[in-house]
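*Asks:* Let me begin by handing over the structure; questions about it come next.
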Amino acid sequence: MNKIANVAEGPAIETVQINVEVNGVAYTRYVEPRLLLSDFLRQELGLTGTHVGCEHGVCGSCNVMVDGSTVRSCLVFASQLDNAKIETVESLGRVNALHPLQKAFWEKHGLQCGFCTPGMLMTAKELLDRNPRPTRDEIREAISGNLCRCTGYQTIIEAIYSAAYEMQGATNG
Amino acid sequence: MKPAPFRLERPDTIQALCRALAKHGDSARILAGGQSLVPMMNFRLVTPEVLIDINRVDGLDYIRLDGDALAIGAMTRHVTVKESALVKANVPLIAKAYDHIAHVTVRNRGTIGGNLSHGDPSSELPAVAICLDAKFVVSSSEGNRTVRAAEFFKGMFETDVSPGEFLSEIRFPVAARNQRFGFDEFSPRHGDFAIAIATVALEMKGDTCVSASVVHGGVREMPGQVADAEAALRGKVVSGEQVALAAKATASIEPTLQNYHGDAAYKSDLLRALTARALSQAIGEG
Ligand SMILES: Cc1cc2nc3c(=O)[nH]c(=O)nc-3n(C[C@H](O)[C@H](O)[C@H](O)COP(=O)(O)OP(=O)(O)OC[C@H]3O[C@@H](n4cnc5c(N)ncnc54)[C@H](O)[C@@H]3O)c2cc1C
Ligand code: FES
Ligand code: FES
């Protein structure tokens with residue numbers, strides 16, 4: 001624990017040291033215990049790909065990977081994640097080298113406004129990591145915790161389905 | 001929406017957890033998976049002075065057979081319970097209920113102990129725990145005490161855990177060969193909290209029901225046994241007709257949890273239909 005006086009007479013704010021790896025880069029930071037992982041990523045590290053929709057666990061747009069499993073970044077404190085390995089949507093691909101999932105979302109119209117997309121992509125990535133050839137029903141079940149207000153979901157399901165086949169093709173051939 | 005400031009304690013042993021709980025009393029809250037607590041903190045409905053994070057405590061994350069019970073440590077994540085072969089083989093009703101509990105990302109983090117300690121009347125697990133007469137092990141620096149499920153839940157979001165104590169283990173009786181189970185619920189979206197729940201455990205001798213446990217959830221401040229439905233089954237050959245009679249007997253439960261998802265008449269109707277389905281499932285006609 002470490003204390004930082006924030007204003008001349010104000011109370012000292014307690015901070016906690018954390019070491020985390022985010023998208024392959026190691027960071028050491030002092031954070032307030034109450035800092036949400038979503039705010040840590042967006043405000044401390046400038047990784048604004050992670051979207052904050054509801055901040056109470058309902059929408060899934062803030063989903064990121066922690067140690068290989070998705071978590072809602074609005075429901076976990078950065079201070080809990082000492083030594084964790086975090087992956088955000090920024091880890092997937094680049095504009096000129098999209099991840100097959102990103103490419104499929106583009107081609108199958110899996111997004112309109114794009115607000116839900118980072119959470120959808122990370123959730124889809126977790127699914128395909130575990131189940132490389134999901135059925136459409138398994139895809140529905142996997143994204144049941146992610147809200148999209150635009151697409152009506154069908155194009156998202158098609159995008160994930162076609163990305164799975166694309167990725168299998170790439171590894172098989 | 002940001003939580004109010006708090007001090008963080010991160011005990012890594014059960015002894016250190018007991019010390020922290022004894023020291024901070026009712027100014028502290030336990031943080032397990034955070035899937036119910038952190039939303040409340042983000043809304044500032046809950047503003048604990050001290051948060052005791054039990055995610056690092058050694059020895060609270062296990063599933064093991066212990067005599068005639070399956071013992072599950074409080075910090076066992078939903079995903080682990082849902083995927084456990086030991087759970088499926090020994091307490092099949094838990095596995096049935098987990099088909100309805102939350103979404104994959106929430107299950108990655110949420111814990112069985114946090115769920116039961118939260119005491120949400122629309123949650124599946126409290127109803128299952130009452131149906132199976134599970135035992136709750138409540139621990140503190142003073143030692144352990146064991147509470148029956150029906151006594152653990154004291155009201156809406158209220159349990160028999162006092163400041164200084166924590167839930168350490170839940171013990172579910174291992175299913176007997178002659179027991180049959182059923183679970184069904186209705187929720188607005190798969191994986192959301194239930195609007196109404198029915199779950200049953202029947203002890204059979206041939207086609208005859210020797211004893212029945214029929215439990216409602218989501219319709220009142222706490223889940224509970226439906227004595228009239230149980231009476232309609234006990235000592236009877238369980239057929240379609242008896243199932244309909246028992247389901248009808250759930251009318252004696254007056255729904256008091258009413259919201260935009262349904263008024264009392266609607267919930268009462270749901271409870272009847274879900275009880276019939278859970279019973280049909282149990283006798284293999286569902
Ligand atoms: C989108 C969404 C959908 C969900 N859907 C469902 C659903 O369909 N069904 C369902 O049942 N649940 C659902 N949940 C809730 C989920 O199951 C939570 O994981 C659970 O209710 C709380 O467990 P937790 O480990 O996250 O506990 P926390 O949120 O960490 O804690 C909950 C409460 O219990 C206390 N507590 C935690 N552990 C202990 C302990 N060992 N001893 C004493 N007190 C303790 C805490 O202080 C707090 O008051 C959903 C949640 C979300 C965000
Ligand atoms: S912002 Fe985290 S679930 Fe909506
Ligand atoms: S694309 Fe707009 S919310 Fe999904």
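FYI, nothing fancy with the structure tokens labels: chains A, B, ... in order, residues from 1 per chain, ligands from 1 as they appear.
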May I have the residues within 12 Å of ligand 3, computed using only C-alpha atoms and all ligand atoms, as a PyMOL selection string?
*Replies:* chain A and resi 51-53+59-61+105-106+109-121+143+146-156
*Asks:* Grab the residues selected above and save them as a short mmCIF file (atom, residue, chain, number, x, y, z; two decimals), in the first residue's frame with N, CA and C atoms.
*Replies:*
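The new file result05.cif reads:
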data_model
loop_
_atom_site.label_atom_id
_atom_site.label_comp_id
_atom_site.auth_asym_id
_atom_site.auth_seq_id
_atom_site.Cartn_x
_atom_site.Cartn_y
_atom_site.Cartn_z
N HIS A 51 -15.44 -0.89 -24.38
CA HIS A 51 -16.55 0.06 -24.24
C HIS A 51 -17.29 -0.14 -22.93
N VAL A 52 -17.79 0.97 -22.41
CA VAL A 52 -18.52 0.94 -21.16
C VAL A 52 -19.97 1.34 -21.44
N GLY A 53 -20.86 0.36 -21.35
CA GLY A 53 -22.25 0.62 -21.71
C GLY A 53 -23.13 0.87 -20.51
N CYS A 59 -24.67 -5.48 -19.95
CA CYS A 59 -24.60 -5.37 -21.42
C CYS A 59 -23.46 -6.15 -22.07
N GLY A 60 -22.38 -6.38 -21.36
CA GLY A 60 -21.28 -7.17 -21.93
C GLY A 60 -20.35 -6.41 -22.86
N SER A 61 -20.59 -5.12 -23.08
CA SER A 61 -19.73 -4.41 -24.03
C SER A 61 -18.32 -4.20 -23.46
N PHE A 105 -16.95 -10.04 -39.01
CA PHE A 105 -17.95 -9.06 -38.56
C PHE A 105 -18.15 -8.00 -39.65
N TRP A 106 -17.04 -7.61 -40.28
CA TRP A 106 -17.11 -6.61 -41.34
C TRP A 106 -17.90 -7.18 -42.54
N HIS A 109 -21.71 -8.02 -41.86
CA HIS A 109 -22.48 -6.91 -41.24
C HIS A 109 -22.78 -7.23 -39.78
N GLY A 110 -21.80 -7.74 -39.06
CA GLY A 110 -21.98 -8.07 -37.65
C GLY A 110 -21.98 -6.85 -36.75
N LEU A 111 -21.89 -5.67 -37.33
CA LEU A 111 -21.99 -4.46 -36.52
C LEU A 111 -22.64 -3.33 -37.31
N GLN A 112 -23.27 -2.45 -36.55
CA GLN A 112 -23.78 -1.22 -37.17
C GLN A 112 -23.12 -0.04 -36.46
N CYS A 113 -23.58 0.31 -35.24
CA CYS A 113 -22.92 1.43 -34.56
C CYS A 113 -21.57 1.02 -33.99
N GLY A 114 -21.39 -0.27 -33.70
CA GLY A 114 -20.11 -0.76 -33.22
C GLY A 114 -19.92 -0.69 -31.71
N PHE A 115 -20.94 -0.23 -31.00
CA PHE A 115 -20.74 -0.08 -29.55
C PHE A 115 -20.53 -1.43 -28.86
N CYS A 116 -21.32 -2.42 -29.25
CA CYS A 116 -21.25 -3.73 -28.57
C CYS A 116 -20.08 -4.57 -29.07
N THR A 117 -19.48 -4.14 -30.20
CA THR A 117 -18.56 -5.01 -30.94
C THR A 117 -17.34 -5.48 -30.13
N PRO A 118 -16.66 -4.62 -29.37
CA PRO A 118 -15.49 -5.12 -28.63
C PRO A 118 -15.85 -6.28 -27.70
N GLY A 119 -16.97 -6.14 -27.00
CA GLY A 119 -17.40 -7.21 -26.09
C GLY A 119 -17.80 -8.46 -26.86
N MET A 120 -18.50 -8.26 -27.97
CA MET A 120 -18.89 -9.40 -28.80
C MET A 120 -17.66 -10.15 -29.31
N LEU A 121 -16.67 -9.40 -29.75
CA LEU A 121 -15.46 -10.02 -30.31
C LEU A 121 -14.71 -10.82 -29.25
N ILE A 143 -23.17 -15.79 -26.68
CA ILE A 143 -23.32 -14.33 -26.68
C ILE A 143 -24.59 -13.88 -25.97
N ASN A 146 -24.46 -10.65 -24.04
CA ASN A 146 -24.01 -9.43 -24.72
C ASN A 146 -25.17 -8.79 -25.46
N LEU A 147 -25.46 -7.56 -25.10
CA LEU A 147 -26.59 -6.87 -25.74
C LEU A 147 -26.12 -6.11 -26.98
N CYS A 148 -26.93 -6.18 -28.04
CA CYS A 148 -26.72 -5.35 -29.22
C CYS A 148 -28.03 -4.67 -29.54
N ARG A 149 -28.00 -3.37 -29.64
CA ARG A 149 -29.23 -2.62 -29.89
C ARG A 149 -29.47 -2.38 -31.38
N CYS A 150 -28.51 -2.79 -32.23
CA CYS A 150 -28.64 -2.47 -33.66
C CYS A 150 -28.97 -3.65 -34.55
N THR A 151 -28.14 -4.69 -34.49
CA THR A 151 -28.14 -5.66 -35.59
C THR A 151 -29.28 -6.67 -35.57
N GLY A 152 -29.88 -6.92 -34.40
CA GLY A 152 -30.84 -8.02 -34.33
C GLY A 152 -30.14 -9.36 -34.20
N TYR A 153 -28.85 -9.35 -33.97
CA TYR A 153 -28.03 -10.53 -33.62
C TYR A 153 -27.76 -11.52 -34.76
N GLN A 154 -28.68 -11.66 -35.72
CA GLN A 154 -28.50 -12.73 -36.72
C GLN A 154 -27.18 -12.57 -37.47
N THR A 155 -26.82 -11.34 -37.79
CA THR A 155 -25.59 -11.13 -38.56
C THR A 155 -24.36 -11.37 -37.69
N ILE A 156 -24.51 -11.16 -36.39
CA ILE A 156 -23.40 -11.45 -35.48
C ILE A 156 -23.18 -12.97 -35.42
#
*Asks:* Skip Gly24 in chain A itself and residues of its chain fewer than 2 positions away, then list as a PyMOL selection string all residues within 9 Å of it, counting only C-alpha atoms.
*Replies:* chain A and resi 21-22+26+85-87+91
*Asks:* Identify, on the basis of only C-alpha atoms, every residue whose closest approach to range 176-191 of chain B does not exceed 7 Å; exclude the query and any residue fewer than 4 positions from it along the same chain; express the result as a ChimeraX atom specification.
*Replies:* /A:144 /B:93,96-97,100-103,195-205,274,277-279,281-283
*Asks:* Check which residues fall inside 8 Å of ligand 1 when counting only C-alpha atoms and all ligand atoms, and print them as a ChimeraX atom specification.
*Replies:* /A:56-60,145 /B:29-39,54,74-75,77-78,100-103,106-107,109-120,122-125,138,161,165-168,190-194
*Asks:* Any chance you can output those residues with C-alpha atoms as a CSV table (one decimal), in the first residue's frame?
*Replies:*
chain,number,residue,atom,x,y,z
A,56,HIS,CA,-23.5,-2.8,-13.9
A,57,GLY,CA,-22.8,-6.1,-15.6
A,58,VAL,CA,-25.8,-6.3,-17.9
A,59,CYS,CA,-24.6,-5.4,-21.4
A,60,GLY,CA,-21.3,-7.2,-21.9
A,145,GLY,CA,-24.9,-12.1,-22.1
B,29,ARG,CA,-18.1,-6.5,3.1
B,30,ILE,CA,-16.8,-9.6,1.6
B,31,LEU,CA,-16.0,-9.5,-2.1
B,32,ALA,CA,-16.3,-12.9,-3.9
B,33,GLY,CA,-17.0,-12.9,-7.6
B,34,GLY,CA,-18.3,-9.3,-7.5
B,35,GLN,CA,-21.1,-10.1,-10.0
B,36,SER,CA,-23.8,-8.9,-7.6
B,37,LEU,CA,-21.8,-6.8,-5.2
B,38,VAL,CA,-19.9,-4.6,-7.6
B,39,PRO,CA,-23.1,-3.5,-9.5
B,54,ILE,CA,-11.6,-13.4,-0.6
B,74,ALA,CA,-17.8,-21.1,-1.2
B,75,MET,CA,-15.3,-19.6,-3.6
B,77,ARG,CA,-16.7,-20.4,-9.5
B,78,HIS,CA,-20.0,-21.1,-11.3
B,100,HIS,CA,-30.3,-21.6,-16.4
B,101,ILE,CA,-27.8,-19.6,-14.4
B,102,ALA,CA,-26.3,-16.5,-15.9
B,103,HIS,CA,-24.0,-16.1,-19.0
B,106,VAL,CA,-20.7,-14.0,-15.4
B,107,ARG,CA,-20.1,-17.6,-14.6
B,109,ARG,CA,-16.2,-14.9,-12.2
B,110,GLY,CA,-19.3,-15.5,-10.0
B,111,THR,CA,-19.1,-18.0,-7.2
B,112,ILE,CA,-21.6,-20.4,-5.6
B,113,GLY,CA,-21.0,-19.0,-2.1
B,114,GLY,CA,-21.4,-15.4,-3.3
B,115,ASN,CA,-24.7,-16.4,-5.0
B,116,LEU,CA,-26.1,-18.1,-2.0
B,117,SER,CA,-24.9,-15.3,0.4
B,118,HIS,CA,-26.5,-12.7,-1.8
B,119,GLY,CA,-29.9,-14.4,-1.1
B,120,ASP,CA,-31.6,-13.2,-4.3
B,122,SER,CA,-35.0,-14.8,-8.2
B,123,SER,CA,-31.8,-16.9,-8.2
B,124,GLU,CA,-31.9,-20.7,-8.9
B,125,LEU,CA,-29.5,-21.9,-6.3
B,138,VAL,CA,-20.9,-20.6,8.4
B,161,VAL,CA,-24.5,-14.7,8.2
B,165,GLU,CA,-18.8,-14.5,9.8
B,166,PHE,CA,-18.6,-15.9,6.3
B,167,LEU,CA,-20.1,-18.8,4.4
B,168,SER,CA,-17.3,-21.4,3.9
B,190,HIS,CA,-31.9,-17.3,-21.3
B,191,GLY,CA,-29.4,-16.9,-18.5
B,192,ASP,CA,-31.3,-14.0,-16.8
B,193,PHE,CA,-32.8,-14.2,-13.3
B,194,ALA,CA,-36.0,-16.1,-13.2
*Asks:* Counting only C-alpha atoms, which of B:Glu241, B:Asp160, B:Glu142, B:Glu169 gets nearest to Tyr62 in chain B?
*Replies:*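 Looking only at the distances to Tyr62 in chain B, the closest residue turns out to be B:Glu169.
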*Asks:* Which residues are close to range 40-44 of chain A, i.e. within 10 Å by only C-alpha atoms, leaving aside same-chain residues fewer than 4 positions away? Reply as an mmCIF file with all heavy atoms, in the first residue's frame.
*Replies:*
data_model
loop_
_atom_site.group_PDB
_atom_site.id
_atom_site.type_symbol
_atom_site.label_atom_id
_atom_site.label_comp_id
_atom_site.auth_asym_id
_atom_site.auth_seq_id
_atom_site.Cartn_x
_atom_site.Cartn_y
_atom_site.Cartn_z
ATOM 1 N N VAL A 22 -0.825 -6.280 -20.143
ATOM 2 C CA VAL A 22 -1.990 -5.972 -20.974
ATOM 3 C C VAL A 22 -1.562 -6.029 -22.441
ATOM 4 O O VAL A 22 -0.660 -5.290 -22.855
ATOM 5 C CB VAL A 22 -2.569 -4.582 -20.643
ATOM 6 C CG1 VAL A 22 -3.823 -4.320 -21.483
ATOM 7 C CG2 VAL A 22 -2.900 -4.471 -19.167
ATOM 8 N N ARG A 29 1.602 -0.123 -11.871
ATOM 9 C CA ARG A 29 0.842 1.087 -11.602
ATOM 10 C C ARG A 29 0.375 1.098 -10.143
ATOM 11 O O ARG A 29 0.198 0.048 -9.531
ATOM 12 C CB ARG A 29 -0.418 1.144 -12.479
ATOM 13 C CG ARG A 29 -0.168 1.486 -13.939
ATOM 14 C CD ARG A 29 0.169 2.970 -14.102
ATOM 15 N NE ARG A 29 0.136 3.403 -15.495
ATOM 16 C CZ ARG A 29 1.095 3.217 -16.383
ATOM 17 N NH1 ARG A 29 2.189 2.570 -16.042
ATOM 18 N NH2 ARG A 29 0.975 3.656 -17.625
ATOM 19 N N VAL A 31 -2.853 2.087 -8.089
ATOM 20 C CA VAL A 31 -4.260 2.399 -8.369
ATOM 21 C C VAL A 31 -5.049 2.508 -7.072
ATOM 22 O O VAL A 31 -4.731 1.859 -6.072
ATOM 23 C CB VAL A 31 -4.919 1.314 -9.258
ATOM 24 C CG1 VAL A 31 -4.270 1.274 -10.633
ATOM 25 C CG2 VAL A 31 -4.865 -0.067 -8.597
ATOM 26 N N GLU A 32 -6.079 3.314 -7.101
ATOM 27 C CA GLU A 32 -7.029 3.352 -5.998
ATOM 28 C C GLU A 32 -7.749 2.008 -5.973
ATOM 29 O O GLU A 32 -8.104 1.501 -7.044
ATOM 30 C CB GLU A 32 -8.065 4.448 -6.251
ATOM 31 C CG GLU A 32 -7.873 5.705 -5.453
ATOM 32 C CD GLU A 32 -9.146 6.541 -5.496
ATOM 33 O OE1 GLU A 32 -9.280 7.364 -6.411
ATOM 34 O OE2 GLU A 32 -9.998 6.344 -4.610
ATOM 35 N N LEU A 35 -10.810 1.583 -8.311
ATOM 36 C CA LEU A 35 -10.739 1.798 -9.759
ATOM 37 C C LEU A 35 -11.172 0.534 -10.512
ATOM 38 O O LEU A 35 -10.587 -0.536 -10.349
ATOM 39 C CB LEU A 35 -9.303 2.177 -10.158
ATOM 40 C CG LEU A 35 -9.104 2.518 -11.636
ATOM 41 C CD1 LEU A 35 -9.814 3.828 -12.005
ATOM 42 C CD2 LEU A 35 -7.623 2.604 -11.993
ATOM 43 N N LEU A 36 -12.219 0.674 -11.324
ATOM 44 C CA LEU A 36 -12.702 -0.476 -12.095
ATOM 45 C C LEU A 36 -11.704 -0.805 -13.204
ATOM 46 O O LEU A 36 -11.053 0.095 -13.750
ATOM 47 C CB LEU A 36 -14.074 -0.159 -12.705
ATOM 48 C CG LEU A 36 -15.202 0.106 -11.701
ATOM 49 C CD1 LEU A 36 -16.429 0.689 -12.397
ATOM 50 C CD2 LEU A 36 -15.566 -1.174 -10.957
ATOM 51 N N THR A 48 -9.039 2.586 -25.335
ATOM 52 C CA THR A 48 -10.463 2.928 -25.342
ATOM 53 C C THR A 48 -11.291 1.978 -26.202
ATOM 54 O O THR A 48 -12.468 2.210 -26.421
ATOM 55 C CB THR A 48 -10.659 4.374 -25.831
ATOM 56 O OG1 THR A 48 -9.967 4.509 -27.090
ATOM 57 C CG2 THR A 48 -10.105 5.377 -24.836
ATOM 58 N N GLY A 49 -10.666 0.907 -26.688
ATOM 59 C CA GLY A 49 -11.428 -0.103 -27.430
ATOM 60 C C GLY A 49 -12.465 -0.777 -26.550
ATOM 61 O O GLY A 49 -13.541 -1.141 -27.006
ATOM 62 N N THR A 50 -12.155 -0.952 -25.279
ATOM 63 C CA THR A 50 -13.104 -1.545 -24.346
ATOM 64 C C THR A 50 -14.205 -0.533 -24.057
ATOM 65 O O THR A 50 -13.934 0.567 -23.578
ATOM 66 C CB THR A 50 -12.380 -1.949 -23.041
ATOM 67 O OG1 THR A 50 -11.387 -2.918 -23.375
ATOM 68 C CG2 THR A 50 -13.344 -2.530 -22.028
ATOM 69 N N HIS A 51 -15.437 -0.892 -24.381
ATOM 70 C CA HIS A 51 -16.548 0.062 -24.236
ATOM 71 C C HIS A 51 -17.286 -0.136 -22.927
ATOM 72 O O HIS A 51 -17.394 -1.253 -22.428
ATOM 73 C CB HIS A 51 -17.515 -0.094 -25.407
ATOM 74 C CG HIS A 51 -16.960 0.439 -26.701
ATOM 75 N ND1 HIS A 51 -17.612 0.324 -27.908
ATOM 76 C CD2 HIS A 51 -15.804 1.097 -26.958
ATOM 77 C CE1 HIS A 51 -16.870 0.884 -28.858
ATOM 78 N NE2 HIS A 51 -15.768 1.355 -28.312
ATOM 79 N N VAL A 52 -17.791 0.969 -22.411
ATOM 80 C CA VAL A 52 -18.517 0.944 -21.156
ATOM 81 C C VAL A 52 -19.965 1.336 -21.441
ATOM 82 O O VAL A 52 -20.238 2.486 -21.784
ATOM 83 C CB VAL A 52 -17.862 1.905 -20.150
ATOM 84 C CG1 VAL A 52 -18.735 2.074 -18.923
ATOM 85 C CG2 VAL A 52 -16.489 1.379 -19.741
ATOM 86 N N SER A 73 -15.300 -6.107 -17.378
ATOM 87 C CA SER A 73 -14.292 -5.244 -16.761
ATOM 88 C C SER A 73 -14.921 -4.174 -15.873
ATOM 89 O O SER A 73 -14.233 -3.556 -15.080
ATOM 90 C CB SER A 73 -13.384 -4.617 -17.823
ATOM 91 O OG SER A 73 -14.122 -3.830 -18.725
ATOM 92 N N CYS A 74 -16.244 -3.971 -15.971
ATOM 93 C CA CYS A 74 -16.903 -3.010 -15.077
ATOM 94 C C CYS A 74 -17.237 -3.632 -13.734
ATOM 95 O O CYS A 74 -17.743 -2.955 -12.851
ATOM 96 C CB CYS A 74 -18.161 -2.441 -15.716
ATOM 97 S SG CYS A 74 -19.535 -3.617 -15.804
ATOM 98 N N PHE A 77 -12.210 -4.933 -9.941
ATOM 99 C CA PHE A 77 -11.331 -3.808 -9.631
ATOM 100 C C PHE A 77 -9.927 -4.109 -10.134
ATOM 101 O O PHE A 77 -9.442 -5.239 -9.991
ATOM 102 C CB PHE A 77 -11.307 -3.553 -8.118
ATOM 103 C CG PHE A 77 -12.652 -3.176 -7.565
ATOM 104 C CD1 PHE A 77 -13.361 -4.049 -6.755
ATOM 105 C CD2 PHE A 77 -13.231 -1.949 -7.886
ATOM 106 C CE1 PHE A 77 -14.614 -3.705 -6.262
ATOM 107 C CE2 PHE A 77 -14.482 -1.599 -7.392
ATOM 108 C CZ PHE A 77 -15.178 -2.477 -6.585
ATOM 109 N N ALA A 78 -9.279 -3.100 -10.679
ATOM 110 C CA ALA A 78 -7.904 -3.287 -11.150
ATOM 111 C C ALA A 78 -7.031 -3.779 -10.000
ATOM 112 O O ALA A 78 -6.122 -4.591 -10.189
ATOM 113 C CB ALA A 78 -7.369 -1.970 -11.722
ATOM 114 N N SER A 79 -7.344 -3.318 -8.789
ATOM 115 C CA SER A 79 -6.538 -3.688 -7.623
ATOM 116 C C SER A 79 -6.586 -5.188 -7.315
ATOM 117 O O SER A 79 -5.772 -5.684 -6.537
ATOM 118 C CB SER A 79 -7.010 -2.892 -6.402
ATOM 119 O OG SER A 79 -8.413 -3.030 -6.242
ATOM 120 N N ILE A 86 -3.985 -9.652 -19.159
ATOM 121 C CA ILE A 86 -5.244 -9.098 -19.670
ATOM 122 C C ILE A 86 -5.142 -8.926 -21.177
ATOM 123 O O ILE A 86 -4.091 -8.513 -21.692
ATOM 124 C CB ILE A 86 -5.527 -7.737 -18.991
ATOM 125 C CG1 ILE A 86 -5.682 -7.941 -17.472
ATOM 126 C CG2 ILE A 86 -6.787 -7.077 -19.575
ATOM 127 C CD1 ILE A 86 -5.461 -6.711 -16.650
ATOM 128 N N THR A 88 -7.357 -7.190 -24.413
ATOM 129 C CA THR A 88 -8.497 -6.379 -24.819
ATOM 130 C C THR A 88 -8.675 -6.518 -26.329
ATOM 131 O O THR A 88 -7.863 -7.151 -27.006
ATOM 132 C CB THR A 88 -8.267 -4.895 -24.483
ATOM 133 O OG1 THR A 88 -7.219 -4.407 -25.333
ATOM 134 C CG2 THR A 88 -7.869 -4.706 -23.025
#
*Asks:* Using only C-alpha atoms and all ligand atoms, find the one residue out of B:Met156, B:Thr105, B:Glu83, B:Val214 that sits nearest to ligand 2.
*Replies:* B:Thr105
*Asks:* Within 12 Å of Met167 in chain A, counting only C-alpha atoms, which residues show up once you throw out same-chain ones fewer than 3 positions away? Write them as a list in words, please.
*Replies:*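 So the residues in contact are His99, Pro100, Leu101, Gln102, Lys103, Ala104, Lys125, Leu128, Asp129, Asn131, Pro132, Arg133, Ile160, Tyr161, Ser162, Ala163, Ala164, Ala170, Thr171, Asn172 and Gly173 of chain A.
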*Asks:* Store the residues of this selection in a file with C-alpha atoms, as a PDB file, in the first residue's frame.
*Replies:*
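Saved the output as selection00.pdb:
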ATOM      1  CA  HIS A  99      -8.328 -10.951 -36.973  1.00  0.00           C
ATOM      2  CA  PRO A 100     -10.598 -13.437 -38.832  1.00  0.00           C
ATOM      3  CA  LEU A 101     -13.378 -12.558 -36.382  1.00  0.00           C
ATOM      4  CA  GLN A 102     -13.032  -8.843 -37.121  1.00  0.00           C
ATOM      5  CA  LYS A 103     -12.959  -9.558 -40.850  1.00  0.00           C
ATOM      6  CA  ALA A 104     -16.086 -11.719 -40.581  1.00  0.00           C
ATOM      7  CA  LYS A 125     -12.836 -15.297 -29.226  1.00  0.00           C
ATOM      8  CA  LEU A 128     -13.698 -20.261 -30.533  1.00  0.00           C
ATOM      9  CA  ASP A 129     -10.655 -20.809 -28.294  1.00  0.00           C
ATOM     10  CA  ASN A 131     -14.970 -24.752 -29.208  1.00  0.00           C
ATOM     11  CA  PRO A 132     -13.475 -24.123 -32.670  1.00  0.00           C
ATOM     12  CA  ARG A 133     -16.561 -25.423 -34.542  1.00  0.00           C
ATOM     13  CA  ILE A 160     -18.927 -15.849 -35.716  1.00  0.00           C
ATOM     14  CA  TYR A 161     -20.039 -18.966 -37.583  1.00  0.00           C
ATOM     15  CA  SER A 162     -18.174 -17.993 -40.727  1.00  0.00           C
ATOM     16  CA  ALA A 163     -15.056 -16.894 -38.796  1.00  0.00           C
ATOM     17  CA  ALA A 164     -14.956 -20.334 -37.164  1.00  0.00           C
ATOM     18  CA  ALA A 170      -6.584 -21.892 -42.231  1.00  0.00           C
ATOM     19  CA  THR A 171      -5.309 -24.402 -39.667  1.00  0.00           C
ATOM     20  CA  ASN A 172      -6.389 -27.493 -41.612  1.00  0.00           C
ATOM     21  CA  GLY A 173      -5.004 -26.377 -44.940  1.00  0.00           C
TER      22      GLY A 173
END
*Asks:* Between A:Arg94, A:Arg72, A:Arg136, A:Lys108, single out the one closest to ligand 2, counting only C-alpha atoms and all ligand atoms.
*Replies:* A:Arg72
*Asks:* Among chain A, which residues does DSSP mark as helix (DSSP H, G or I) when it is run on the backbone? Keep the chain and numbering as in the structure and answer as a VMD selection string.
*Replies:* chain A and resid 37 to 44 73 to 75 78 to 80 89 to 91 100 to 107 117 to 130 136 to 142 154 to 172
*Asks:* Show me, as number ranges by chain, the residues that have an atom within 12 Å of Ala175 in chain B when counting only C-alpha atoms, minus same-chain residues fewer than 6 positions from it.
*Replies:* B: 65, 68-70, 86-94, 132-134, 181, 201-203
